[in-house]
file entry11.txt (compact mmCIF, C-alpha atoms)
# COMPACT_ATOMS: atom_id res chain seq x y z
CA MET A 1 -127.16 21.17 -16.63
CA THR A 2 -124.32 22.78 -14.68
CA VAL A 3 -122.71 25.11 -17.22
CA SER A 4 -123.86 28.66 -17.97
CA ASN A 5 -124.45 30.27 -21.34
CA THR A 6 -121.48 32.61 -20.84
CA ALA A 7 -119.21 29.72 -19.89
CA LEU A 8 -120.29 27.85 -23.03
CA PHE A 9 -119.18 30.72 -25.25
CA ASP A 10 -115.81 30.69 -23.45
CA THR A 11 -115.55 26.92 -23.93
CA CYS A 12 -116.44 27.20 -27.60
CA GLU A 13 -113.75 29.84 -28.09
CA ALA A 14 -111.13 27.74 -26.31
CA THR A 15 -111.98 24.45 -28.02
CA TRP A 16 -112.42 25.88 -31.52
CA PRO A 17 -110.16 28.95 -31.72
CA ALA A 18 -109.60 31.41 -34.52
CA ALA A 19 -106.13 31.82 -35.99
CA SER A 20 -105.91 35.27 -34.38
CA TYR A 21 -108.02 37.88 -32.61
CA THR A 22 -107.92 41.64 -33.02
CA ARG A 23 -109.67 44.19 -30.85
CA ILE A 24 -110.85 47.10 -33.00
CA GLY A 25 -112.85 49.67 -31.05
CA PRO A 26 -115.77 47.83 -29.44
CA TRP A 27 -115.35 44.76 -31.66
CA LEU A 28 -113.52 41.46 -31.42
CA VAL A 29 -112.55 40.42 -34.95
CA ARG A 30 -111.59 36.81 -35.66
CA ASP A 31 -109.29 35.70 -38.44
CA GLY A 32 -110.66 32.30 -39.44
CA GLN A 33 -108.34 31.60 -42.40
CA GLY A 34 -111.10 29.75 -44.22
CA ALA A 35 -112.27 27.59 -41.30
CA GLY A 36 -115.91 28.67 -41.22
CA LYS A 37 -118.24 31.17 -39.63
CA ARG A 38 -117.53 30.43 -35.98
CA VAL A 39 -113.89 31.52 -36.27
CA SER A 40 -114.47 34.25 -38.87
CA SER A 41 -117.12 36.37 -37.17
CA VAL A 42 -117.18 39.62 -35.23
CA THR A 43 -118.63 40.02 -31.74
CA ALA A 44 -119.41 43.12 -29.72
CA LYS A 45 -117.15 43.62 -26.70
CA GLY A 46 -118.32 46.81 -25.06
CA GLU A 47 -120.42 49.85 -25.80
CA TRP A 48 -120.85 50.60 -29.47
CA SER A 49 -122.79 52.93 -31.74
CA PRO A 50 -124.10 52.33 -35.28
CA ALA A 51 -121.26 54.48 -36.59
CA ASP A 52 -118.77 51.96 -35.19
CA ILE A 53 -120.05 49.13 -37.39
CA SER A 54 -118.03 50.36 -40.36
CA GLN A 55 -114.84 49.63 -38.37
CA ALA A 56 -115.80 45.97 -38.09
CA GLU A 57 -116.85 45.81 -41.73
CA GLN A 58 -113.52 47.18 -42.91
CA ALA A 59 -111.65 44.72 -40.70
CA CYS A 60 -113.58 41.85 -42.31
CA ARG A 61 -112.77 43.16 -45.78
CA ASP A 62 -109.08 43.49 -44.86
CA LEU A 63 -109.08 39.80 -43.90
CA GLY A 64 -110.92 38.80 -47.07
CA GLN A 65 -113.85 37.54 -45.02
CA ASP A 66 -117.62 37.97 -45.24
CA LEU A 67 -119.22 40.82 -43.32
CA LEU A 68 -120.32 38.55 -40.51
CA PHE A 69 -121.43 39.22 -36.94
CA GLN A 70 -122.15 36.63 -34.27
CA ILE A 71 -125.28 37.65 -32.38
CA ARG A 72 -125.46 36.46 -28.79
CA PRO A 73 -128.46 36.70 -26.44
CA GLU A 74 -127.33 40.08 -25.08
CA ASP A 75 -127.00 41.54 -28.60
CA ALA A 76 -130.66 42.33 -29.34
CA LYS A 77 -129.90 45.97 -30.20
CA LEU A 78 -127.07 45.01 -32.55
CA ASP A 79 -129.33 42.44 -34.16
CA THR A 80 -131.93 45.12 -34.92
CA VAL A 81 -129.42 47.63 -36.24
CA LEU A 82 -127.76 45.10 -38.54
CA ALA A 83 -131.16 43.99 -39.85
CA ASP A 84 -131.93 47.61 -40.74
CA MET A 85 -128.59 47.78 -42.57
CA GLY A 86 -129.49 44.83 -44.80
CA TYR A 87 -127.81 42.03 -42.87
CA ASP A 88 -129.58 38.67 -43.13
CA VAL A 89 -129.91 36.00 -40.45
CA ILE A 90 -127.91 32.87 -41.19
CA ASP A 91 -127.36 29.61 -39.31
CA PRO A 92 -129.17 29.92 -35.96
CA VAL A 93 -127.30 27.60 -33.60
CA ASP A 94 -128.20 25.80 -30.36
CA PHE A 95 -125.87 24.98 -27.49
CA LEU A 96 -126.85 21.53 -26.22
CA VAL A 97 -125.45 20.15 -22.98
CA ALA A 98 -125.72 17.10 -20.72
CA PRO A 99 -123.82 15.91 -17.65
CA VAL A 100 -121.06 13.55 -18.71
CA GLY A 101 -122.35 10.84 -16.39
CA THR A 102 -125.65 10.60 -18.26
CA LEU A 103 -123.90 9.87 -21.57
CA THR A 104 -121.19 7.39 -20.63
CA ALA A 105 -121.64 3.78 -21.73
CA ASP A 106 -119.88 0.42 -21.68
CA LEU A 107 -118.59 0.35 -25.25
CA HIS A 108 -116.38 -2.14 -27.03
CA ARG A 109 -112.81 -0.89 -26.69
CA LEU A 110 -112.54 -0.41 -30.48
CA ALA A 111 -115.92 1.28 -30.97
CA ALA A 112 -114.66 4.84 -30.37
CA ILE A 113 -110.89 5.10 -30.07
CA PRO A 114 -109.33 8.34 -28.77
CA CYS A 115 -106.07 9.36 -30.42
CA TRP A 116 -104.00 12.44 -31.11
CA PRO A 117 -102.91 13.48 -33.66
CA PRO A 118 -105.67 12.20 -35.94
CA LEU A 119 -104.95 9.20 -38.13
CA ALA A 120 -104.91 9.52 -41.91
CA VAL A 121 -108.20 7.66 -42.16
CA GLN A 122 -109.83 10.24 -39.89
CA THR A 123 -108.69 13.11 -42.08
CA GLU A 124 -110.14 11.21 -45.04
CA ILE A 125 -113.52 10.81 -43.35
CA TRP A 126 -113.51 14.49 -42.42
CA ALA A 127 -112.58 15.45 -45.96
CA GLU A 128 -115.53 13.48 -47.32
CA GLY A 129 -117.78 15.65 -45.16
CA GLY A 130 -116.16 18.93 -46.24
CA ILE A 131 -113.91 19.31 -43.18
CA GLY A 132 -110.54 20.07 -44.71
CA PRO A 133 -107.12 21.44 -43.74
CA ALA A 134 -108.40 24.81 -42.49
CA ARG A 135 -110.56 23.14 -39.85
CA LEU A 136 -107.87 20.62 -38.99
CA ALA A 137 -105.64 23.62 -38.30
CA VAL A 138 -108.24 24.84 -35.78
CA MET A 139 -107.93 21.52 -33.94
CA ASP A 140 -104.14 21.81 -33.91
CA ARG A 141 -104.39 25.24 -32.26
CA VAL A 142 -106.38 24.01 -29.28
CA GLN A 143 -104.51 23.99 -25.97
CA GLY A 144 -105.35 21.64 -23.13
CA PRO A 145 -106.91 18.16 -23.17
CA LYS A 146 -108.09 17.16 -26.63
CA THR A 147 -108.58 14.08 -28.75
CA ALA A 148 -109.79 12.84 -32.10
CA LEU A 149 -112.22 9.94 -31.77
CA LEU A 150 -112.11 7.19 -34.39
CA GLY A 151 -115.40 5.35 -34.72
CA ARG A 152 -115.40 1.75 -35.95
CA HIS A 153 -118.21 -0.54 -37.08
CA ASN A 154 -117.81 -4.15 -38.27
CA ASP A 155 -114.03 -3.74 -38.04
CA HIS A 156 -114.05 -0.73 -40.38
CA PRO A 157 -113.33 2.96 -39.63
CA VAL A 158 -116.57 4.82 -40.25
CA ALA A 159 -116.60 8.00 -38.13
CA THR A 160 -114.50 10.67 -36.53
CA ALA A 161 -114.97 13.61 -34.17
CA PHE A 162 -112.88 16.17 -32.27
CA VAL A 163 -113.32 16.70 -28.52
CA ALA A 164 -111.59 19.19 -26.23
CA ILE A 165 -112.05 20.35 -22.64
CA HIS A 166 -112.11 23.82 -21.13
CA ASN A 167 -113.00 24.66 -17.52
CA GLY A 168 -114.63 21.32 -16.87
CA THR A 169 -116.76 21.20 -20.01
CA ALA A 170 -115.93 18.91 -22.92
CA MET A 171 -117.13 20.14 -26.30
CA LEU A 172 -117.50 17.92 -29.33
CA HIS A 173 -116.88 19.38 -32.77
CA ALA A 174 -116.74 18.07 -36.33
CA LEU A 175 -118.64 14.81 -35.86
CA GLU A 176 -118.62 13.07 -39.22
CA VAL A 177 -120.00 9.63 -40.10
CA SER A 178 -119.28 8.03 -43.46
CA LYS A 179 -122.33 8.06 -45.74
CA ASP A 180 -122.57 4.28 -45.95
CA ALA A 181 -122.56 3.97 -42.14
CA ARG A 182 -125.32 6.41 -41.29
CA ARG A 183 -128.55 5.40 -39.54
CA MET A 184 -126.72 2.63 -37.73
CA GLY A 185 -126.39 4.28 -34.33
CA ILE A 186 -122.81 5.38 -34.96
CA GLY A 187 -123.52 8.97 -33.92
CA LYS A 188 -124.82 7.78 -30.54
CA THR A 189 -121.76 5.59 -30.07
CA MET A 190 -119.47 8.50 -30.86
CA MET A 191 -121.20 10.70 -28.30
CA GLN A 192 -120.89 7.98 -25.70
CA GLY A 193 -117.24 7.53 -26.58
CA ALA A 194 -116.72 11.27 -26.19
CA ALA A 195 -118.39 11.14 -22.77
CA ASN A 196 -116.22 8.21 -21.69
CA TRP A 197 -113.09 10.12 -22.69
CA ALA A 198 -114.37 13.31 -21.02
CA LYS A 199 -115.05 11.45 -17.77
CA ARG A 200 -111.51 10.10 -17.71
CA HIS A 201 -110.31 13.69 -18.01
CA HIS A 202 -112.58 14.89 -15.19
CA ALA A 203 -115.02 16.92 -17.27
CA ARG A 204 -118.46 17.53 -15.73
CA ASP A 205 -120.46 18.24 -18.88
CA LEU A 206 -120.43 17.44 -22.58
CA ALA A 207 -121.60 20.12 -25.01
CA VAL A 208 -122.22 20.38 -28.73
CA LEU A 209 -123.20 23.11 -31.15
CA VAL A 210 -125.87 22.24 -33.69
CA VAL A 211 -127.56 24.33 -36.36
CA LYS A 212 -131.28 24.53 -35.60
CA ALA A 213 -132.14 23.35 -39.12
CA ASN A 214 -130.05 20.17 -38.77
CA LYS A 215 -132.95 17.92 -37.79
CA PRO A 216 -131.05 14.58 -37.80
CA ALA A 217 -128.45 15.97 -35.40
CA GLN A 218 -131.10 17.64 -33.24
CA THR A 219 -132.93 14.30 -33.01
CA LEU A 220 -129.73 12.44 -32.09
CA TYR A 221 -128.84 14.82 -29.29
CA ALA A 222 -132.38 15.07 -27.93
CA GLY A 223 -132.51 11.27 -27.81
CA LEU A 224 -129.40 11.34 -25.66
CA GLY A 225 -131.05 13.70 -23.20
CA MET A 226 -129.05 16.78 -24.18
CA THR A 227 -130.91 20.02 -23.53
CA SER A 228 -130.57 23.62 -24.70
CA ALA A 229 -128.31 25.87 -22.67
CA GLY A 230 -128.37 28.82 -25.04
CA ALA A 231 -128.33 29.88 -28.66
CA TYR A 232 -126.90 32.39 -31.12
CA HIS A 233 -127.09 33.26 -34.78
CA TYR A 234 -125.16 35.21 -37.36
CA ARG A 235 -125.96 38.29 -39.38
CA ILE A 236 -124.30 38.39 -42.80
CA LYS A 237 -124.22 40.99 -45.56
CA LYS A 238 -123.17 40.10 -49.05
CA GLY A 239 -121.41 42.47 -51.35
call {"tool": "encode", "arguments": {"input": "entry11.txt", "output": "structure tokens"}}
result
Amino acid sequence: MTVSNTALFDTCEATWPAASYTRIGPWLVRDGQGAGKRVSSVTAKGEWSPADISQAEQACRDLGQDLLFQIRPEDAKLDTVLADMGYDVIDPVDFLVAPVGTLTADLHRLAAIPCWPPLAVQTEIWAEGGIGPARLAVMDRVQGPKTALLGRHNDHPVATAFVAIHNGTAMLHALEVSKDARRMGIGKTMMQGAANWAKRHHARDLAVLVVKANKPAQTLYAGLGMTSAGAYHYRIKKG
């Protein structure tokens, strides 16, 4: 593993960006426009005090978003303070990484086809998995090398994923396999296809984010030799 925890956060931000970012006091506030927690959370960017938390909360309310903080390894104090304020832990996430060279494979040329923009059938597969226009807009915002992989099995489109590169690390997002094609090794093929594409674009590593509770995905990535390079979680307060 050649990429640091800090670099992974930078890569995640670059390959799955919010619609906009606002610096309010010691906080970085993301406007996700309905595209999920990762692009709709607040992170600490400097010295803060408990009294400053209300600034971030109001900014979230102004955007119509949940009161949501991303807690990184260096945020132990913030984690404690938010817990005392009634914030609950939600969606602990692992960064998993492997060198690209360990994941490449000799695939059939139609097994995992890179294309941009995504084909209509890819948007349909994503939609079946709950990945709709808001998340497709995230993909559109990404600058730099990127692709949408189309996975095929028995001459039928069955999977899709988004891959982008930042500072030598390729990160895969939004891997979705059609329900009737699961448990057939399609996920492994898609990861190998992502690695093949990443190698052609001179990336050193391939990374993914996976919720700790997602056991099937954790098993897939562990079986490919991907290892943990860091973790984070969110604190959320309802009401």
call {"tool": "atom_distance", "arguments": {"input": "entry11.txt", "atom1": "CA of Ala134 (chain A)", "atom2": "CA of Ala35 (chain A)"}}
result
4.9 Å
call {"tool": "closest_residue", "arguments": {"input": "entry11.txt", "among": "A:Ile113, A:Met191, A:Ile24, A:Ala161", "to": "Trp126 (chain A)", "atoms": "only C-alpha atoms"}}
result
A:Ala161
call {"tool": "residues_around", "arguments": {"input": "entry11.txt", "residues": "region 154-156 of chain A", "least_positions_apart": "4", "cutoff": "12 Å", "atoms": "all atoms listed in the file", "output": "ChimeraX atom specification"}}
result
/A:108-112,121-122,125,150,177-178,180-181,184,186
call {"tool": "residues_around", "arguments": {"input": "entry11.txt", "residues": "Gly144 (chain A)", "least_positions_apart": "3", "cutoff": "12 Å", "atoms": "only C-alpha atoms", "output": "NGL selection string"}}
result
:A and (11 or 14-16 or 139-141 or 147 or 163-170 or 201)
call {"tool": "atom_distance", "arguments": {"input": "entry11.txt", "atom1": "CA of Gly86 (chain A)", "atom2": "CA of Gly64 (chain A)"}}
result
19.7 Å
call {"tool": "closest_residue", "arguments": {"input": "entry11.txt", "among": "A:Val39, A:Ala217, A:Ala231, A:Ala148", "to": "Pro17 (chain A)", "atoms": "all atoms listed in the file"}}
result
A:Val39
call {"tool": "atom_distance", "arguments": {"input": "entry11.txt", "atom1": "CA of Thr227 (chain A)", "atom2": "CA of Ala98 (chain A)"}}
result
6.6 Å
call {"tool": "closest_residue", "arguments": {"input": "entry11.txt", "among": "A:Ala159, A:Met171, A:Ala229, A:Ala203", "to": "Gly187 (chain A)", "atoms": "all atoms listed in the file"}}
result
A:Ala159
call {"tool": "closest_residue", "arguments": {"input": "entry11.txt", "among": "A:Ala137, A:Gln143, A:Ile236, A:Met190", "to": "Leu68 (chain A)", "atoms": "all atoms listed in the file"}}
result
A:Ile236
call {"tool": "residues_near_point", "arguments": {"input": "entry11.txt", "point": "(-124.9, 21.1, -22.1)", "cutoff": "6 Å", "atoms": "all atoms listed in the file", "output": "list in words"}}
result
Met1, Leu96, Val97, Ala98, Leu206, Ala207 and Ala229 of chain A
call {"tool": "residues_around", "arguments": {"input": "entry11.txt", "residues": "Val29 (chain A)", "least_positions_apart": "3", "cutoff": "12 Å", "atoms": "all atoms listed in the file", "output": "PyMOL selection string"}}
result
chain A and resi 18-26+32+37-45+53+55-63+65-70
call {"tool": "residues_near_point", "arguments": {"input": "entry11.txt", "point": "(-114.8, 23.4, -35.6)", "cutoff": "7 Å", "atoms": "all atoms listed in the file", "output": "list in words"}}
result
Trp16, Arg135, Val138, His173 and Ala174 of chain A
call {"tool": "residues_around", "arguments": {"input": "entry11.txt", "residues": "Lys77 (chain A)", "least_positions_apart": "5", "cutoff": "12 Å", "atoms": "only C-alpha atoms", "output": "list of chain:residue names"}}
result
A:Ala44, A:Glu47, A:Trp48, A:Ser49, A:Pro50, A:Ile71, A:Arg72, A:Leu82, A:Ala83, A:Asp84
call {"tool": "closest_residue", "arguments": {"input": "entry11.txt", "among": "A:Thr219, A:Asn5, A:Ser54, A:Thr189", "to": "Ala105 (chain A)", "atoms": "only C-alpha atoms"}}
result
A:Thr189
call {"tool": "residues_around", "arguments": {"input": "entry11.txt", "residues": "Tyr232 (chain A)", "least_positions_apart": "3", "cutoff": "12 Å", "atoms": "only C-alpha atoms", "output": "ChimeraX atom specification"}}
result
/A:5-6,8-9,38,43,69-76,79,89-96,209-212,228-229,235
